[in-house]
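**Q** Structure file upload.txt, compact mmCIF, C-alpha atoms, is pasted below:
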# COMPACT_ATOMS: atom_id res chain seq x y z
CA MET A 91 216.60 88.91 48.26
CA ALA A 92 215.77 85.24 48.56
CA GLY A 93 216.55 82.95 45.65
CA GLU A 94 214.35 80.17 44.37
CA GLN A 95 214.44 76.75 42.80
CA TRP A 96 216.31 76.59 39.52
CA THR A 97 214.27 76.21 36.37
CA PRO A 98 214.78 72.95 34.43
CA GLU A 99 216.75 75.04 31.92
CA GLN A 100 219.12 76.32 34.61
CA ALA A 101 219.60 72.77 35.88
CA ALA A 102 220.34 71.57 32.35
CA ASP A 103 222.88 74.35 31.87
CA TRP A 104 224.65 73.33 35.08
CA ASN A 105 224.62 69.69 33.97
CA LYS A 106 226.43 70.60 30.74
CA THR A 107 229.40 71.78 32.85
CA GLN A 108 229.68 68.44 34.66
CA PRO A 109 231.28 65.12 33.79
CA TRP A 110 229.25 61.99 34.44
CA ARG A 111 229.58 61.69 38.22
CA ALA A 112 230.29 58.30 39.77
CA GLY A 113 231.55 57.70 43.27
CA ALA A 114 230.86 56.83 46.87
CA ASN A 115 229.50 58.00 50.18
CA PHE A 116 232.63 58.64 52.21
CA THR A 117 233.60 58.49 55.86
CA PRO A 118 237.28 57.80 56.58
CA GLY A 119 237.92 54.40 58.14
CA SER A 120 239.15 56.06 61.33
CA ALA A 121 235.75 57.69 62.04
CA ILE A 122 232.61 55.99 63.32
CA ASN A 123 230.38 58.94 62.39
CA GLN A 124 230.20 62.55 61.23
CA LEU A 125 231.29 63.95 64.60
CA GLU A 126 234.42 61.81 64.79
CA MET A 127 235.23 62.66 61.19
CA TRP A 128 235.15 66.44 61.70
CA GLN A 129 235.95 67.27 65.35
CA ALA A 130 239.40 68.82 65.76
CA GLU A 131 240.71 66.04 68.03
CA THR A 132 239.88 63.26 65.56
CA PHE A 133 240.01 64.94 62.15
CA ASP A 134 242.37 62.70 60.18
CA PRO A 135 243.77 64.26 56.98
CA ALA A 136 246.30 61.44 56.49
CA THR A 137 243.60 58.77 56.32
CA ILE A 138 241.38 60.97 54.18
CA ASP A 139 244.24 61.54 51.73
CA ARG A 140 245.14 57.86 51.58
CA GLU A 141 241.57 56.65 51.09
CA LEU A 142 240.66 59.28 48.51
CA GLY A 143 243.80 58.08 46.76
CA TYR A 144 242.19 54.63 46.54
CA ALA A 145 239.11 56.31 45.06
CA GLN A 146 241.21 58.11 42.47
CA THR A 147 242.76 54.82 41.33
CA ALA A 148 239.24 53.59 40.57
CA GLY A 149 238.33 56.69 38.58
CA ILE A 150 235.84 57.87 41.22
CA ASN A 151 235.12 61.56 40.70
CA ILE A 152 232.66 62.43 43.48
CA VAL A 153 232.18 61.67 47.17
CA ARG A 154 229.13 62.40 49.30
CA VAL A 155 230.11 63.52 52.80
CA PHE A 156 227.98 64.19 55.90
CA LEU A 157 228.28 67.21 58.18
CA HIS A 158 226.52 67.83 61.54
CA ASN A 159 224.85 70.84 63.12
CA LEU A 160 226.59 70.21 66.47
CA LEU A 161 229.96 70.76 64.78
CA TRP A 162 228.86 74.30 63.89
CA GLU A 163 227.71 74.97 67.45
CA GLN A 164 230.96 73.58 68.87
CA ASP A 165 233.43 75.43 66.62
CA SER A 166 232.05 77.01 63.46
CA ALA A 167 235.35 78.56 62.37
CA GLY A 168 237.20 75.29 62.92
CA LEU A 169 234.58 73.33 61.00
CA LEU A 170 234.86 75.65 57.99
CA THR A 171 238.64 75.39 58.10
CA ARG A 172 238.54 71.60 58.17
CA MET A 173 235.96 71.53 55.37
CA ASP A 174 238.32 73.66 53.29
CA GLN A 175 241.16 71.27 54.10
CA PHE A 176 239.01 68.31 53.08
CA LEU A 177 238.09 69.99 49.80
CA THR A 178 241.78 70.62 49.08
CA ILE A 179 242.58 66.93 49.58
CA ALA A 180 239.64 65.82 47.44
CA ASP A 181 240.56 68.27 44.69
CA LYS A 182 244.13 66.94 44.67
CA HIS A 183 242.61 63.57 43.76
CA HIS A 184 240.31 65.16 41.13
CA ILE A 185 237.23 64.35 43.22
CA GLY A 186 234.26 66.69 43.64
CA VAL A 187 232.25 66.80 46.84
CA MET A 188 228.55 66.64 47.71
CA PHE A 189 228.00 67.79 51.29
CA VAL A 190 224.98 66.62 53.35
CA LEU A 191 223.78 69.02 56.07
CA PHE A 192 221.05 67.09 57.94
CA ASP A 193 220.40 63.37 58.44
CA ASP A 194 217.49 61.49 60.08
CA VAL A 195 219.17 58.07 60.23
CA TRP A 196 220.49 56.01 63.18
CA ASP A 197 221.12 57.35 66.72
CA PRO A 198 218.65 60.15 67.59
CA GLN A 199 220.71 61.36 70.56
CA PRO A 200 224.02 62.73 69.19
CA GLN A 201 226.61 64.08 71.61
CA LEU A 202 229.82 66.00 71.01
CA GLY A 203 233.16 64.80 72.32
CA PRO A 204 234.72 61.34 72.16
CA GLN A 205 232.48 58.90 70.28
CA ARG A 206 231.79 55.35 71.40
CA ALA A 207 233.71 52.42 69.96
CA PRO A 208 232.00 50.34 67.25
CA ARG A 209 229.84 47.43 68.36
CA PRO A 210 231.58 44.37 66.90
CA HIS A 211 230.13 43.18 63.58
CA VAL A 212 227.24 45.72 63.55
CA HIS A 213 226.42 48.00 60.60
CA ASN A 214 226.79 51.73 61.39
CA SER A 215 226.65 51.13 65.14
CA GLY A 216 227.72 54.68 65.99
CA TRP A 217 226.19 56.88 63.30
CA VAL A 218 224.16 59.82 64.64
CA GLN A 219 221.27 61.94 63.43
CA SER A 220 221.56 65.63 62.66
CA PRO A 221 219.76 67.21 64.39
CA GLY A 222 218.89 64.92 67.29
CA ARG A 223 215.32 64.20 68.34
CA GLU A 224 215.17 66.94 70.99
CA VAL A 225 215.95 69.58 68.37
CA LEU A 226 213.77 68.06 65.64
CA MET A 227 210.66 68.07 67.84
CA SER A 228 211.01 71.74 68.88
CA ALA A 229 210.09 74.58 66.52
CA GLU A 230 212.29 76.95 68.51
CA LYS A 231 215.32 74.65 68.38
CA ARG A 232 214.80 73.93 64.68
CA ALA A 233 214.81 77.67 63.99
CA ALA A 234 218.18 77.92 65.74
CA LEU A 235 219.69 75.75 62.99
CA GLU A 236 219.50 78.63 60.50
CA PRO A 237 223.02 80.00 61.19
CA TYR A 238 224.51 76.55 60.54
CA VAL A 239 222.88 76.16 57.14
CA LYS A 240 223.53 79.73 56.04
CA GLY A 241 227.05 79.81 57.47
CA VAL A 242 228.22 76.68 55.69
CA LEU A 243 226.53 77.54 52.39
CA THR A 244 227.74 81.14 52.42
CA ARG A 245 231.35 80.09 52.96
CA PHE A 246 231.40 77.66 50.01
CA LYS A 247 228.56 78.91 47.78
CA ASP A 248 230.88 79.68 44.85
CA ASP A 249 233.54 77.05 45.53
CA LYS A 250 234.01 74.94 42.40
CA ARG A 251 235.21 72.01 44.50
CA VAL A 252 231.67 71.60 45.87
CA VAL A 253 229.49 69.90 43.26
CA VAL A 254 226.08 69.72 44.99
CA TRP A 255 224.48 70.55 48.35
CA ASP A 256 222.33 67.69 49.68
CA LEU A 257 220.33 69.46 52.36
CA TYR A 258 218.79 66.52 54.23
CA ASN A 259 219.39 62.76 54.14
CA GLU A 260 216.34 60.49 54.43
CA PRO A 261 213.98 62.86 56.27
CA GLY A 262 211.42 60.97 58.34
CA ASN A 263 213.43 57.74 58.66
CA GLY A 264 212.14 55.98 61.78
CA ASN A 265 215.13 53.66 62.31
CA THR A 266 212.71 51.00 63.53
CA ASN A 267 215.21 48.13 63.48
CA ALA A 268 217.80 49.95 65.59
CA TYR A 269 216.48 52.96 67.50
CA GLY A 270 212.73 52.78 66.95
CA ARG A 271 211.81 52.92 70.64
CA TRP A 272 213.70 56.21 71.06
CA GLU A 273 212.28 57.81 67.94
CA LEU A 274 209.69 60.57 67.69
CA LYS A 275 206.07 59.73 67.17
CA ASP A 276 204.96 61.31 63.88
CA LYS A 277 208.60 61.96 62.97
CA PRO A 278 207.88 62.68 59.26
CA LYS A 279 205.70 65.62 60.34
CA PHE A 280 208.57 67.24 62.22
CA SER A 281 211.04 66.35 59.48
CA LEU A 282 208.86 68.05 56.85
CA GLU A 283 209.00 71.27 58.85
CA LEU A 284 212.81 71.15 58.81
CA VAL A 285 212.78 70.22 55.11
CA LYS A 286 210.83 73.39 54.37
CA SER A 287 213.11 75.55 56.51
CA ALA A 288 216.26 74.08 55.00
CA PHE A 289 215.16 74.96 51.48
CA GLN A 290 214.15 78.48 52.53
CA TRP A 291 217.44 79.16 54.32
CA ALA A 292 219.42 77.74 51.40
CA TRP A 293 217.49 79.86 48.89
CA GLU A 294 218.30 82.97 50.92
CA VAL A 295 221.98 82.18 50.31
CA ARG A 296 221.34 80.73 46.80
CA PRO A 297 224.66 78.95 46.14
CA SER A 298 225.94 78.65 42.60
CA GLN A 299 225.81 74.86 43.07
CA PRO A 300 222.50 72.95 42.91
CA LEU A 301 220.45 72.18 46.00
CA THR A 302 218.80 68.80 46.38
CA MET A 303 217.09 66.48 48.83
CA GLY A 304 216.73 62.85 47.79
CA VAL A 305 213.59 60.73 47.90
CA TRP A 306 214.21 57.39 49.55
CA THR A 307 210.96 55.69 50.60
CA GLY A 308 207.42 55.26 49.34
CA ASP A 309 206.18 55.21 45.74
CA TRP A 310 207.37 58.05 43.53
CA THR A 311 206.69 56.26 40.24
CA ASP A 312 203.05 57.45 40.35
CA PRO A 313 202.58 61.20 40.95
CA ALA A 314 199.20 60.47 42.52
CA LYS A 315 200.84 58.37 45.24
CA LEU A 316 203.52 60.84 46.34
CA SER A 317 203.77 61.42 50.08
CA ASP A 318 203.83 65.02 51.27
CA LEU A 319 207.54 64.64 52.06
CA ASN A 320 208.45 63.19 48.66
CA ALA A 321 206.36 65.77 46.81
CA TYR A 322 208.02 68.65 48.66
CA GLN A 323 211.51 67.29 48.08
CA LEU A 324 210.96 66.66 44.38
CA ASN A 325 209.18 69.96 43.74
CA HIS A 326 211.84 72.10 45.39
CA SER A 327 215.15 70.45 44.41
CA ASP A 328 217.29 71.96 41.64
CA ILE A 329 218.38 68.47 40.59
CA VAL A 330 216.62 65.21 41.44
CA THR A 331 218.28 62.69 43.76
CA PHE A 332 217.14 59.37 45.16
CA HIS A 333 218.16 56.20 47.00
CA MET A 334 217.51 52.65 45.80
CA TYR A 335 218.95 49.45 47.27
CA ALA A 336 217.29 47.00 44.89
CA ASP A 337 218.02 44.90 41.81
CA LEU A 338 218.37 46.32 38.31
CA PRO A 339 214.70 45.99 37.18
CA LYS A 340 213.43 47.82 40.28
CA THR A 341 216.21 50.40 40.01
CA LYS A 342 215.31 51.04 36.38
CA SER A 343 211.62 51.53 37.16
CA VAL A 344 212.16 54.09 39.93
CA THR A 345 214.86 55.92 37.97
CA GLU A 346 212.87 56.28 34.76
CA ALA A 347 209.96 57.73 36.76
CA LEU A 348 212.15 60.64 37.84
CA PHE A 349 212.90 61.78 34.31
CA ARG A 350 209.47 63.41 34.21
CA TYR A 351 210.86 66.29 36.27
CA GLN A 352 213.16 67.18 33.34
CA ARG A 353 216.12 67.73 35.63
CA PRO A 354 219.50 66.01 36.08
CA VAL A 355 219.19 62.85 38.18
CA ILE A 356 221.70 61.36 40.64
CA CYS A 357 221.29 58.20 42.70
CA THR A 358 223.00 59.18 45.95
CA GLU A 359 222.76 55.74 47.60
CA TYR A 360 222.82 52.24 46.12
CA LEU A 361 224.90 49.03 46.35
CA ALA A 362 223.67 46.30 48.69
CA ARG A 363 225.13 43.14 47.23
CA PRO A 364 223.06 40.52 49.13
CA ALA A 365 219.88 42.47 48.27
CA GLY A 366 220.64 42.30 44.55
CA SER A 367 221.87 45.89 44.23
CA LEU A 368 225.01 45.01 42.30
CA LEU A 369 227.51 47.51 40.98
CA GLN A 370 228.29 45.40 37.90
CA GLU A 371 224.65 45.59 36.79
CA ILE A 372 223.55 49.02 37.96
CA LEU A 373 226.57 51.23 37.22
CA PRO A 374 226.49 50.58 33.44
CA TYR A 375 222.76 51.37 33.39
CA PHE A 376 223.33 54.68 35.18
CA LYS A 377 226.13 55.53 32.72
CA GLU A 378 223.89 54.69 29.75
CA ARG A 379 221.12 56.96 31.09
CA HIS A 380 223.56 59.66 32.28
CA VAL A 381 222.33 59.28 35.86
CA GLY A 382 224.93 60.15 38.48
CA ALA A 383 225.84 57.19 40.69
CA ILE A 384 227.02 57.39 44.32
CA GLN A 385 227.22 54.02 46.03
CA TRP A 386 227.27 53.52 49.78
CA GLY A 387 230.77 53.22 51.16
CA LEU A 388 234.35 53.44 50.02
CA VAL A 389 236.69 51.80 52.55
CA ALA A 390 235.71 49.28 55.26
CA GLY A 391 236.35 50.98 58.60
CA LYS A 392 234.72 51.95 61.88
CA THR A 393 231.28 52.38 60.30
CA GLN A 394 231.39 48.63 59.48
CA THR A 395 228.94 48.94 56.60
CA GLN A 396 230.33 45.85 54.92
CA TYR A 397 227.89 44.23 57.38
CA ALA A 398 224.19 44.25 56.45
CA TRP A 399 221.46 46.32 58.12
CA GLU A 400 220.17 43.06 59.62
CA SER A 401 223.30 42.79 61.79
CA TRP A 402 221.41 44.91 64.32
CA GLU A 403 218.94 42.05 64.80
CA LYS A 404 221.01 38.99 63.83
CA PRO A 405 224.32 38.95 65.72
CA LEU A 406 227.37 37.92 63.71
CA ASP A 407 230.80 36.82 64.90
CA GLU A 408 232.80 37.35 61.70
CA GLU A 409 232.88 39.48 58.59
CA PRO A 410 230.45 38.29 55.91
CA LYS A 411 231.91 36.64 52.82
CA VAL A 412 229.64 38.83 50.67
CA TRP A 413 230.05 42.44 51.74
CA PHE A 414 226.92 44.56 51.96
CA HIS A 415 228.56 47.92 51.09
CA GLU A 416 232.13 49.26 50.62
CA LEU A 417 234.63 49.02 47.76
CA PHE A 418 238.07 48.65 49.40
CA HIS A 419 239.79 46.95 52.30
CA PRO A 420 241.68 49.32 54.66
CA ASP A 421 244.97 48.62 52.87
CA GLY A 422 243.53 49.63 49.50
CA LYS A 423 242.92 46.13 48.16
CA PRO A 424 239.60 46.06 46.27
CA TYR A 425 236.86 43.86 47.69
CA ASP A 426 236.22 42.83 44.06
CA GLN A 427 238.75 43.84 41.41
CA GLN A 428 236.08 43.57 38.71
CA GLU A 429 234.12 46.38 40.37
CA VAL A 430 237.12 48.69 40.37
CA ASP A 431 237.92 47.78 36.76
CA LEU A 432 234.34 48.64 35.81
CA TYR A 433 234.60 52.04 37.47
CA ARG A 434 237.82 52.74 35.58
CA LYS A 435 236.27 51.70 32.29
CA LEU A 436 233.06 53.72 32.71
CA THR A 437 234.74 56.88 34.03
CA SER A 438 237.55 56.58 31.45
CA ALA A 439 240.16 56.72 34.21
CA PRO A 440 243.76 56.51 32.98
Write out the structure in this file as structure tokens.

**A**
Amino acid sequence: MAGEQWTPEQAADWNKTQPWRAGANFTPGSAINQLEMWQAETFDPATIDRELGYAQTAGINIVRVFLHNLLWEQDSAGLLTRMDQFLTIADKHHIGVMFVLFDDVWDPQPQLGPQRAPRPHVHNSGWVQSPGREVLMSAEKRAALEPYVKGVLTRFKDDKRVVVWDLYNEPGNGNTNAYGRWELKDKPKFSLELVKSAFQWAWEVRPSQPLTMGVWTGDWTDPAKLSDLNAYQLNHSDIVTFHMYADLPKTKSVTEALFRYQRPVICTEYLARPAGSLLQEILPYFKERHVGAIQWGLVAGKTQTQYAWESWEKPLDEEPKVWFHELFHPDGKPYDQQEVDLYRKLTSAP
């Protein structure tokens, strides 16, 4: 029998079992994207262990980690084994995990096997969408994603090391500054179809952990202005999640608007220093309002997200003095010691 969305009361009961969650989106520095992170040939437990150790020193207690449907098609048993290994490493560092199953951002033509080298000084130059455009545009190929969603959720549906399932990152993102000419026309229409399927498949498994899908674009402060995508995401998620790369006043306004759903709220992407999204200002606000906080990036590596989005259009020849994302250098030195100290203070890390 298929499950359904949790009631606000069920979501509140789950929230009572959780600490305040604060942490980072995580890809090990040795991986340019989800495929390189998880494929057997490039899976890197030593780097994962070392970098999650840096996170532990800061008191970080959650990481958000991206999967990919092609990994399931390539080697489903191997993927599940490596996910279990990852969860063991994270748990050793007292860090819970939020897994992301689909993603509409960056390269719309993912391919298995060796991944390309990073383009020098370019933000996320090798990140890939899941699924790619050819799958997203085909109803038949979208339907074939069902075993991936159900297989992953079934394996870990009662695993206490998994905190939340984030079913789909930024559905409908057109990637206009990087891959716009290769993107689907009317992409949000196709994405909404996969959004609906992902919730249905997940409900048929009905994990013990909450299911969510974060709003990221458009105006959700006014219910009358909700896009079809945003309305579907917000009205079907067990807990409410969102992205906001803006200053504190803007972040406050979009966060407060989400309390009307009477569900736990987590910001699953923020921190863009040159854009005014500053950890020192926003993290204390999230703690005060008991909003979970997951910034973009942990350790500067092959994703190169210490560079700004604009690096796609404005070539650079050296690392920026003010990092866009990320918390640590590869050797574990904090980009800004005050940020790490703030994490430790707010999460009460020893």

**Q** What separation in Å, quoted to one decimal, exists between CA of Ala362 (chain A) and CA of Phe414 (chain A)?

**A** 4.9 Å

**Q** Between A:Gln352, A:Thr395, A:Ser343, A:Ser228, single out the one closest to Ser327 (chain A), counting all atoms listed in the file.

**A**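 Among the listed residues, the smallest separation from Ser327 (chain A) belongs to A:Gln352.
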
**Q** For Ala347 (chain A), please output as a list in words all residues within 8 Å (counting all atoms listed in the file; exclusion window: fewer than 5 positions along the same chain).

**A**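 Residues meeting the cut-off are Trp310, Thr311 and Asp312 of chain A.
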
**Q** With all atoms listed in the file as the atoms that count, which of A:Pro200, A:Trp399, A:Lys377, A:His158 lies nearest to Asn265 (chain A)?

**A**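 For Asn265 (chain A), the nearest of the given residues is A:Trp399.
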
**Q** Quick one: of A:Ala101, A:Val254, A:Val218, A:Ala114, who's nearest to Ala148 (chain A), counting all atoms listed in the file?

**A**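 For Ala148 (chain A), the nearest of the given residues is A:Ala114.
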
**Q** Tell me which protein, DNA and RNA residues are within 8 Å of Val187 (chain A), counting only C-alpha atoms, leaving out same-chain ones fewer than 3 positions away, and put them as a ChimeraX atom specification.

**A** /A:152-155,177,180,251-254

**Q** Can you write out the residues you just picked, keeping C-alpha atoms, as an mmCIF file, keeping the file's coordinate frame?

**A**
data_model
loop_
_atom_site.group_PDB
_atom_site.id
_atom_site.type_symbol
_atom_site.label_atom_id
_atom_site.label_comp_id
_atom_site.auth_asym_id
_atom_site.auth_seq_id
_atom_site.Cartn_x
_atom_site.Cartn_y
_atom_site.Cartn_z
ATOM 1 C CA ILE A 152 232.660 62.430 43.480
ATOM 2 C CA VAL A 153 232.180 61.670 47.170
ATOM 3 C CA ARG A 154 229.130 62.400 49.300
ATOM 4 C CA VAL A 155 230.110 63.520 52.800
ATOM 5 C CA LEU A 177 238.090 69.990 49.800
ATOM 6 C CA ALA A 180 239.640 65.820 47.440
ATOM 7 C CA ARG A 251 235.210 72.010 44.500
ATOM 8 C CA VAL A 252 231.670 71.600 45.870
ATOM 9 C CA VAL A 253 229.490 69.900 43.260
ATOM 10 C CA VAL A 254 226.080 69.720 44.990
#

**Q** Would you kindly return, as JSON, numbers by chain, each protein, DNA or RNA residue with an atom no farther than 8 Å from any atom of Asn123 (chain A), considering all atoms listed in the file and excluding same-chain residues fewer than 5 positions away?

**A** {"A": [117, 216, 217, 218, 393]}

**Q** Report as a PyMOL selection string all protein, DNA and RNA residues lying within 12 Å of Ala112 (chain A), evaluated on only C-alpha atoms, omitting residues in the same chain fewer than 6 positions from it.

**A** chain A and resi 145-146+148-154+185-188+356-360+369+372-374+376-377+380-386+430+432-439

**Q** Can you tell me how far CA of Ala136 (chain A) sits from CA of Gly241 (chain A), in Å to one decimal?

**A**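 If I compute the distance from CA of Ala136 (chain A) to CA of Gly241 (chain A), I get 26.6 Å.
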
**Q** How many Å separate CA of Pro313 (chain A) from CA of Val195 (chain A)?

**A**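 Taking CA of Pro313 (chain A) as the start and CA of Val195 (chain A) as the end point, the length is 25.6 Å.
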
**Q** Which residue is closest to Leu142 (chain A)? Choose from A:Pro98, A:Pro221, A:Pro208, A:Pro420 and count all atoms listed in the file.

**A**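 The answer is A:Pro420, which sits nearest to Leu142 (chain A).
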
**Q** Write out as a list in words each polymer residue whose atoms come within 8 Å of region 124-130 of chain A, counting all atoms listed in the file; drop sequence neighbours fewer than 5 positions from it.

**A**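 Listed by chain and then number, they are Thr117, Pro118, Phe156, Leu157, His158, Leu161, Gly168, Leu169, Arg172, Leu202, Gly203, Pro204, Gln205, Trp217 and Val218 of chain A.
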
**Q** With all atoms listed in the file as the atoms that count, which of A:Leu170, A:Ile122, A:Ile179, A:Leu243 lies nearest to Arg206 (chain A)?

**A**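 Nearest candidate to Arg206 (chain A) out of A:Leu170, A:Ile122, A:Ile179, A:Leu243: A:Ile122.
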
**Q** So which one's closest to Phe189 (chain A), A:Gly308, A:Pro405, A:Pro300, A:Pro410? Using all atoms listed in the file, please.

**A** A:Pro300

**Q** Counting all atoms listed in the file, find residues at most 9 Å from (227.1, 79.1, 49.6) (file frame) and give them as a list of chain:residue names.

**A**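 Looking at atoms near the point gives A:Lys240, A:Gly241, A:Val242, A:Leu243, A:Thr244, A:Arg245, A:Phe246, A:Lys247, A:Asp248, A:Asp249, A:Ala292, A:Val295, A:Arg296, A:Pro297, A:Ser298, A:Gln299.
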